[in-house]
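Engineer: Got a structure for you, questions after.
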Amino acid sequence: MNILAIETSCDETSIALLKCNGGLKSPKFKILKNVVSSQIMVHREFGGVVPNLAKREHIKNLPKVLKKIGIPESRLKKMIDIIAVTVGPGLEPALWTGINFAEELGKKLNKPIIGANHMEGHLYSNWLPITKVKSSKIIFPAIALIVSGGHTILLNMKSINKWTKLGETLDDAAGEAFDKVARMLNLSYPGGPEIQKIAVKGNPNAIKFPRPMLNKPNYEFSFSGLKTSVLYYLRDNPKTKKADVAASFQQAVIDVLTKKTIRAAGEFKAKTILLCGGVSANKPLRESLKVQSQKLKVNFVVPDFEFNTDNASMIAAAAYINLLQKNKKRLQMEAQGNLSL
């Protein structure tokens with residue numbers, strides 16, 4: 001099956017074409033095309049994503065991105081079997097642009113359309129081809145840590161389509177905390193890469209920021225208190241080195257994410273740890289989980305960097321895995337900003 005996928009949940013406009021085959025036990029994906037157009041420069045002056053600006057940019061960029069796929073519509077009609085589009089979670093004005101575009105394209109090419117869950121896309125990005133990072137085989141049971149701008153979720157996976165949610169963030173997600181602390185440090189948007197960049201010059205042990213809920217006997221997360229702690233520290237220590245604040249904050253987040261994930265892997269006898277979502281592009285987080293996974297003697301899997309952040313290839317993967325589940329209820333073709341995993 002060839003799937004053309006569309007992703008517009010936030011500030012990336014992306015279209016991908018994937019060849020998908022195999023069953024639920026071993027799905028295989030060949031990425032024929034994957035084009036991403038970023039809106040970072042548009043939103044940077046505002047310090048975050050402005051929904052109506054994102055919508056405007058998606059409307060402008062979708063035809064351009066489709067053109068960059070480089071396949072004429074007449075040939076595309078013969079090539080693809082289905083069109084997949086993100087319906088949530090995300091910014092509803094942005095989601096609607098992708099849905100409307102998919103519906104128009106579906107009519108033009110006479111192809112069926114299926115909705116996809118953005119968070120499932122992040123999860124299934126672990127099954128996309130991995131060529132640029134060292135990775136292990138996925139063996140179940142597995143623990144999956146999904147860390148993105150608006151979500152921090154820990155899953156206990158019995159198989160590719162059967163999982164239990166162990167915990168999630170109670171307030172700010174890890175990605176949100178990175179963006180907010182970056183603004184406190186007068187760093188540009190997006191905050192995660194900027195904090196990682198400046199943290200290299202800092203001492204991660206310079207400031208003893210709290211590790212929220214680290215010792216709680218559950219798998220919930222909370223980063224609001226850590227963010228507030230950074231705010232108060234900067235207020236009381238105006239001459240402190242930005243690099244030390246960035247490094248110490250980043251280390252606090254990594255400690256919480258790593259230790260809770262490793263604890264879950266031990267408790268549920270996992271054979272693999274999966275890391276995915278936008279924040280999984282953070283190199284120190286990747287390294288921390290990799291090292292601790294090796295100590296626990298479990299496999300560690302993380303997608304190539306280009307598939308950590310929002311992209312349409314992961315949406316095609318999510319759509320295909322959903323299609324393999326014959327009895328699974330299909331998502332409604334409407335923007336669902338708070339769609340859960």
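Residues in the structure tokens are named by chain (A, B, ... in the order shown) and by number from 1 within that chain; ligands are numbered from 1 in the order shown.
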Please build the interface table for stretch 48-162 of chain A against stretch 279-303 of chain A with a cut-off of 9 Å, listing for each qualifying residue the nearest atom pair and the distance in Å to one decimal; count only C-alpha atoms, order rows by chain and increasing number, and write it as a Markdown table.
Structural biologist:
```
| residue | atom | partner | partner_atom | distance |
| --- | --- | --- | --- | --- |
| A:Ser125 | CA | A:Pro303 | CA | 6.3 |
| A:Asn126 | CA | A:Pro303 | CA | 5.2 |
| A:Trp127 | CA | A:Pro303 | CA | 7.9 |
| A:Leu128 | CA | A:Pro303 | CA | 7.1 |
| A:Pro129 | CA | A:Pro303 | CA | 7.9 |
| A:Ile130 | CA | A:Pro303 | CA | 6.0 |
| A:Thr131 | CA | A:Pro303 | CA | 8.9 |
| A:Lys132 | CA | A:Pro303 | CA | 8.7 |
| A:Val133 | CA | A:Pro303 | CA | 7.6 |
| A:Lys134 | CA | A:Val301 | CA | 8.3 |
| A:Ser135 | CA | A:Val301 | CA | 5.3 |
| A:Ser136 | CA | A:Asn299 | CA | 5.6 |
| A:Lys137 | CA | A:Asn299 | CA | 6.8 |
| A:Ile138 | CA | A:Val301 | CA | 7.1 |
| A:Ile139 | CA | A:Asn299 | CA | 7.8 |
| A:Leu145 | CA | A:Ser280 | CA | 8.9 |
| A:Ile146 | CA | A:Ser280 | CA | 7.9 |
| A:Val147 | CA | A:Val279 | CA | 5.4 |
| A:Ser148 | CA | A:Val279 | CA | 5.3 |
| A:Gly149 | CA | A:Val279 | CA | 7.2 |
```
Engineer: Could you build a table of the residues in stretch 8-82 of chain A lying no more than 9 Å from stretch 185-191 of chain A, giving for each the nearest pair of atoms and their separation in Å rounded to one decimal place, using only C-alpha atoms, ordered by chain and ascending residue number, as JSON lines?
Structural biologist:
```
{"residue": "A:Ile40", "atom": "CA", "partner": "A:Pro190", "partner_atom": "CA", "distance": 7.3}
{"residue": "A:Met41", "atom": "CA", "partner": "A:Tyr189", "partner_atom": "CA", "distance": 8.6}
{"residue": "A:His43", "atom": "CA", "partner": "A:Tyr189", "partner_atom": "CA", "distance": 7.6}
{"residue": "A:Arg44", "atom": "CA", "partner": "A:Tyr189", "partner_atom": "CA", "distance": 5.1}
{"residue": "A:Glu45", "atom": "CA", "partner": "A:Tyr189", "partner_atom": "CA", "distance": 8.0}
{"residue": "A:Phe46", "atom": "CA", "partner": "A:Tyr189", "partner_atom": "CA", "distance": 8.3}
{"residue": "A:Gly47", "atom": "CA", "partner": "A:Tyr189", "partner_atom": "CA", "distance": 5.3}
{"residue": "A:Gly48", "atom": "CA", "partner": "A:Tyr189", "partner_atom": "CA", "distance": 6.3}
{"residue": "A:Val49", "atom": "CA", "partner": "A:Tyr189", "partner_atom": "CA", "distance": 9.0}
```
Engineer: Would you save the residues from that selection as a PDB file, in the first residue's frame, using C-alpha atoms?
Structural biologist:
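Output contents, as saved in part11.pdb:
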```pdb
ATOM      1  CA  ILE A  40      10.003  28.738  12.956  1.00  0.00           C
ATOM      2  CA  MET A  41      11.042  32.108  11.529  1.00  0.00           C
ATOM      3  CA  HIS A  43       6.702  32.506  15.013  1.00  0.00           C
ATOM      4  CA  ARG A  44      10.121  33.320  16.469  1.00  0.00           C
ATOM      5  CA  GLU A  45       9.388  37.013  17.110  1.00  0.00           C
ATOM      6  CA  PHE A  46       6.357  35.982  19.208  1.00  0.00           C
ATOM      7  CA  GLY A  47       8.289  33.465  21.306  1.00  0.00           C
ATOM      8  CA  GLY A  48       5.863  30.667  20.442  1.00  0.00           C
ATOM      9  CA  VAL A  49       3.339  29.416  17.905  1.00  0.00           C
TER      10      VAL A  49
END
```
Engineer: Apply DSSP to the backbone of this structure and, from stretch 64-260 of chain A, keep only the residues in strand (DSSP E); write these as a PyMOL selection string.
Structural biologist: chain A and resi 82-88+113-117+142-147+152-159+162-168
Engineer: Pick out the residues sitting within 9 Å of A:Ile69, and hand them over as a list in words; count only C-alpha atoms, and ignore anything fewer than 6 positions along from it in its own chain.
Structural biologist: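 Surrounding residues, per the criterion: Ile15, Ala16, Leu17, Lys33, Asn34 and Val35 of chain A.
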Engineer: List the spatial neighbours of A:Ala177 as an MDAnalysis selection string - criterion: any atom at most 12 Å away, only C-alpha atoms, same-chain residues fewer than 3 positions off excluded.
Structural biologist: chainID A and resid 147:152 169 171:174 180:184 190:192 195 221:231 246 249:250 252:253 279
Engineer: Which residues are near A:Ala54? Cut-off 10 Å, only C-alpha atoms, ignore same chain within fewer than 2 positions. Put them as a list in words.
Structural biologist: Thr8, Ser9, Cys10, Asp11, Glu12, Thr13, Gln39, Ile40, Val42, His43, Val49, Val50, Pro51, Asn52, Arg56, Glu57, His58, Ile59, Lys60, Leu91, Pro93, Ala94, Leu95 and Thr97 of chain A
Engineer: With distances taken over only C-alpha atoms, which of A:Ala270, A:Leu4, A:Ile83, A:Leu166 is nearest to A:Glu220?
Structural biologist: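 Nearest to A:Glu220: A:Leu166.
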Engineer: Write out as a tab-separated table the residues of stretch 5-39 of chain A that have any atom within 8 Å of an atom of stretch 315-331 of chain A, one row each with the nearest atom pair and its distance in Å to one decimal, counting only C-alpha atoms, sorted by chain and then rising number.
Structural biologist:
```
residue	atom	partner	partner_atom	distance
A:Ala5	CA	A:Ala316	CA	5.2
A:Ile6	CA	A:Ile315	CA	7.2
A:Glu7	CA	A:Ile315	CA	6.9
A:Ala16	CA	A:Ala316	CA	7.5
A:Leu17	CA	A:Ala316	CA	7.7
A:Leu18	CA	A:Ala316	CA	6.7
A:Cys20	CA	A:Tyr320	CA	7.0
A:Gly23	CA	A:Leu324	CA	6.9
A:Leu24	CA	A:Leu324	CA	6.7
A:Pro27	CA	A:Ile321	CA	7.6
A:Phe29	CA	A:Ala317	CA	7.3
```
Engineer: What is the distance between atom CA of A:Val85 and atom CA of A:Gln336, in Å to one decimal?
Structural biologist: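 Computing the Euclidean distance for atom CA of A:Val85 and atom CA of A:Gln336 yields 12.1 Å.
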Engineer: Rounded to one decimal place, report the atom CA of A:Ser313-atom CA of A:Phe140 distance in Å.
Structural biologist: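 So the two atoms, atom CA of A:Ser313 and atom CA of A:Phe140, lie 23.2 Å apart.
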Engineer: Show which residues sit within 9 Å of A:Ile143, as a list in words. Count only C-alpha atoms, and ignore same-chain residues fewer than 2 positions away.
Structural biologist: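 With the cut-off at 9 Å, the set is Phe140, Pro141, Leu145, Leu154, Leu155, Asn156, Met157, Lys158, Thr261, Ile262, Ala264, Ala265, Phe268, Ala270, Lys271, Thr272, Ile273, Leu274 and Leu275 of chain A.
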Engineer: Could you please take those selected residues and save N, CA and C atoms as a PDB file, in the first residue's frame?
Structural biologist:
```
ATOM      1  N   PHE A 140       9.095  -6.931  22.333  1.00  0.00           N
ATOM      2  CA  PHE A 140       8.108  -6.661  23.375  1.00  0.00           C
ATOM      3  C   PHE A 140       8.263  -7.635  24.535  1.00  0.00           C
ATOM      4  N   PRO A 141       7.848  -7.213  25.758  1.00  0.00           N
ATOM      5  CA  PRO A 141       7.221  -5.936  26.100  1.00  0.00           C
ATOM      6  C   PRO A 141       8.208  -4.779  26.021  1.00  0.00           C
ATOM      7  N   LEU A 145       8.592   6.141  25.867  1.00  0.00           N
ATOM      8  CA  LEU A 145       8.530   7.504  26.410  1.00  0.00           C
ATOM      9  C   LEU A 145       8.301   8.452  25.238  1.00  0.00           C
ATOM     10  N   LEU A 154       4.214   8.039  29.273  1.00  0.00           N
ATOM     11  CA  LEU A 154       4.957   6.799  29.435  1.00  0.00           C
ATOM     12  C   LEU A 154       3.996   5.631  29.217  1.00  0.00           C
ATOM     13  N   LEU A 155       4.348   4.745  28.275  1.00  0.00           N
ATOM     14  CA  LEU A 155       3.490   3.615  27.923  1.00  0.00           C
ATOM     15  C   LEU A 155       4.173   2.289  28.234  1.00  0.00           C
ATOM     16  N   ASN A 156       3.373   1.317  28.641  1.00  0.00           N
ATOM     17  CA  ASN A 156       3.824  -0.064  28.757  1.00  0.00           C
ATOM     18  C   ASN A 156       3.210  -0.807  27.584  1.00  0.00           C
ATOM     19  N   MET A 157       4.032  -1.197  26.605  1.00  0.00           N
ATOM     20  CA  MET A 157       3.541  -1.804  25.371  1.00  0.00           C
ATOM     21  C   MET A 157       3.698  -3.327  25.393  1.00  0.00           C
ATOM     22  N   LYS A 158       2.570  -4.028  25.238  1.00  0.00           N
ATOM     23  CA  LYS A 158       2.600  -5.479  25.141  1.00  0.00           C
ATOM     24  C   LYS A 158       2.824  -5.918  23.702  1.00  0.00           C
ATOM     25  N   THR A 261      11.553   6.324  33.402  1.00  0.00           N
ATOM     26  CA  THR A 261      11.487   5.366  32.288  1.00  0.00           C
ATOM     27  C   THR A 261      12.221   4.074  32.630  1.00  0.00           C
ATOM     28  N   ILE A 262      13.399   4.205  33.199  1.00  0.00           N
ATOM     29  CA  ILE A 262      14.196   3.024  33.565  1.00  0.00           C
ATOM     30  C   ILE A 262      13.514   2.246  34.681  1.00  0.00           C
ATOM     31  N   ALA A 264      10.308   2.056  35.197  1.00  0.00           N
ATOM     32  CA  ALA A 264       9.190   1.349  34.564  1.00  0.00           C
ATOM     33  C   ALA A 264       9.686   0.121  33.803  1.00  0.00           C
ATOM     34  N   ALA A 265      10.801   0.277  33.091  1.00  0.00           N
ATOM     35  CA  ALA A 265      11.358  -0.841  32.330  1.00  0.00           C
ATOM     36  C   ALA A 265      11.711  -2.008  33.250  1.00  0.00           C
ATOM     37  N   PHE A 268       8.272  -3.587  34.787  1.00  0.00           N
ATOM     38  CA  PHE A 268       7.437  -4.342  33.847  1.00  0.00           C
ATOM     39  C   PHE A 268       8.251  -5.283  32.947  1.00  0.00           C
ATOM     40  N   ALA A 270      10.628  -4.964  30.785  1.00  0.00           N
ATOM     41  CA  ALA A 270      10.687  -4.585  29.374  1.00  0.00           C
ATOM     42  C   ALA A 270      11.956  -5.129  28.723  1.00  0.00           C
ATOM     43  N   LYS A 271      11.832  -5.421  27.435  1.00  0.00           N
ATOM     44  CA  LYS A 271      12.998  -5.850  26.657  1.00  0.00           C
ATOM     45  C   LYS A 271      13.505  -4.738  25.744  1.00  0.00           C
ATOM     46  N   THR A 272      12.684  -3.681  25.617  1.00  0.00           N
ATOM     47  CA  THR A 272      13.051  -2.546  24.772  1.00  0.00           C
ATOM     48  C   THR A 272      12.546  -1.253  25.393  1.00  0.00           C
ATOM     49  N   ILE A 273      13.320  -0.188  25.230  1.00  0.00           N
ATOM     50  CA  ILE A 273      12.872   1.161  25.590  1.00  0.00           C
ATOM     51  C   ILE A 273      12.816   1.982  24.313  1.00  0.00           C
ATOM     52  N   LEU A 274      11.661   2.593  24.053  1.00  0.00           N
ATOM     53  CA  LEU A 274      11.461   3.437  22.879  1.00  0.00           C
ATOM     54  C   LEU A 274      11.411   4.892  23.317  1.00  0.00           C
ATOM     55  N   LEU A 275      12.097   5.747  22.589  1.00  0.00           N
ATOM     56  CA  LEU A 275      12.073   7.190  22.843  1.00  0.00           C
ATOM     57  C   LEU A 275      11.609   7.889  21.572  1.00  0.00           C
TER      58      LEU A 275
END
```
Engineer: Ranking A:Phe178, A:Tyr124, A:Trp96, A:Phe305 by minimum distance to A:Gln251 and counting only C-alpha atoms, which one comes first?
Structural biologist: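 That would be A:Phe178, the residue with the smallest distance to A:Gln251.
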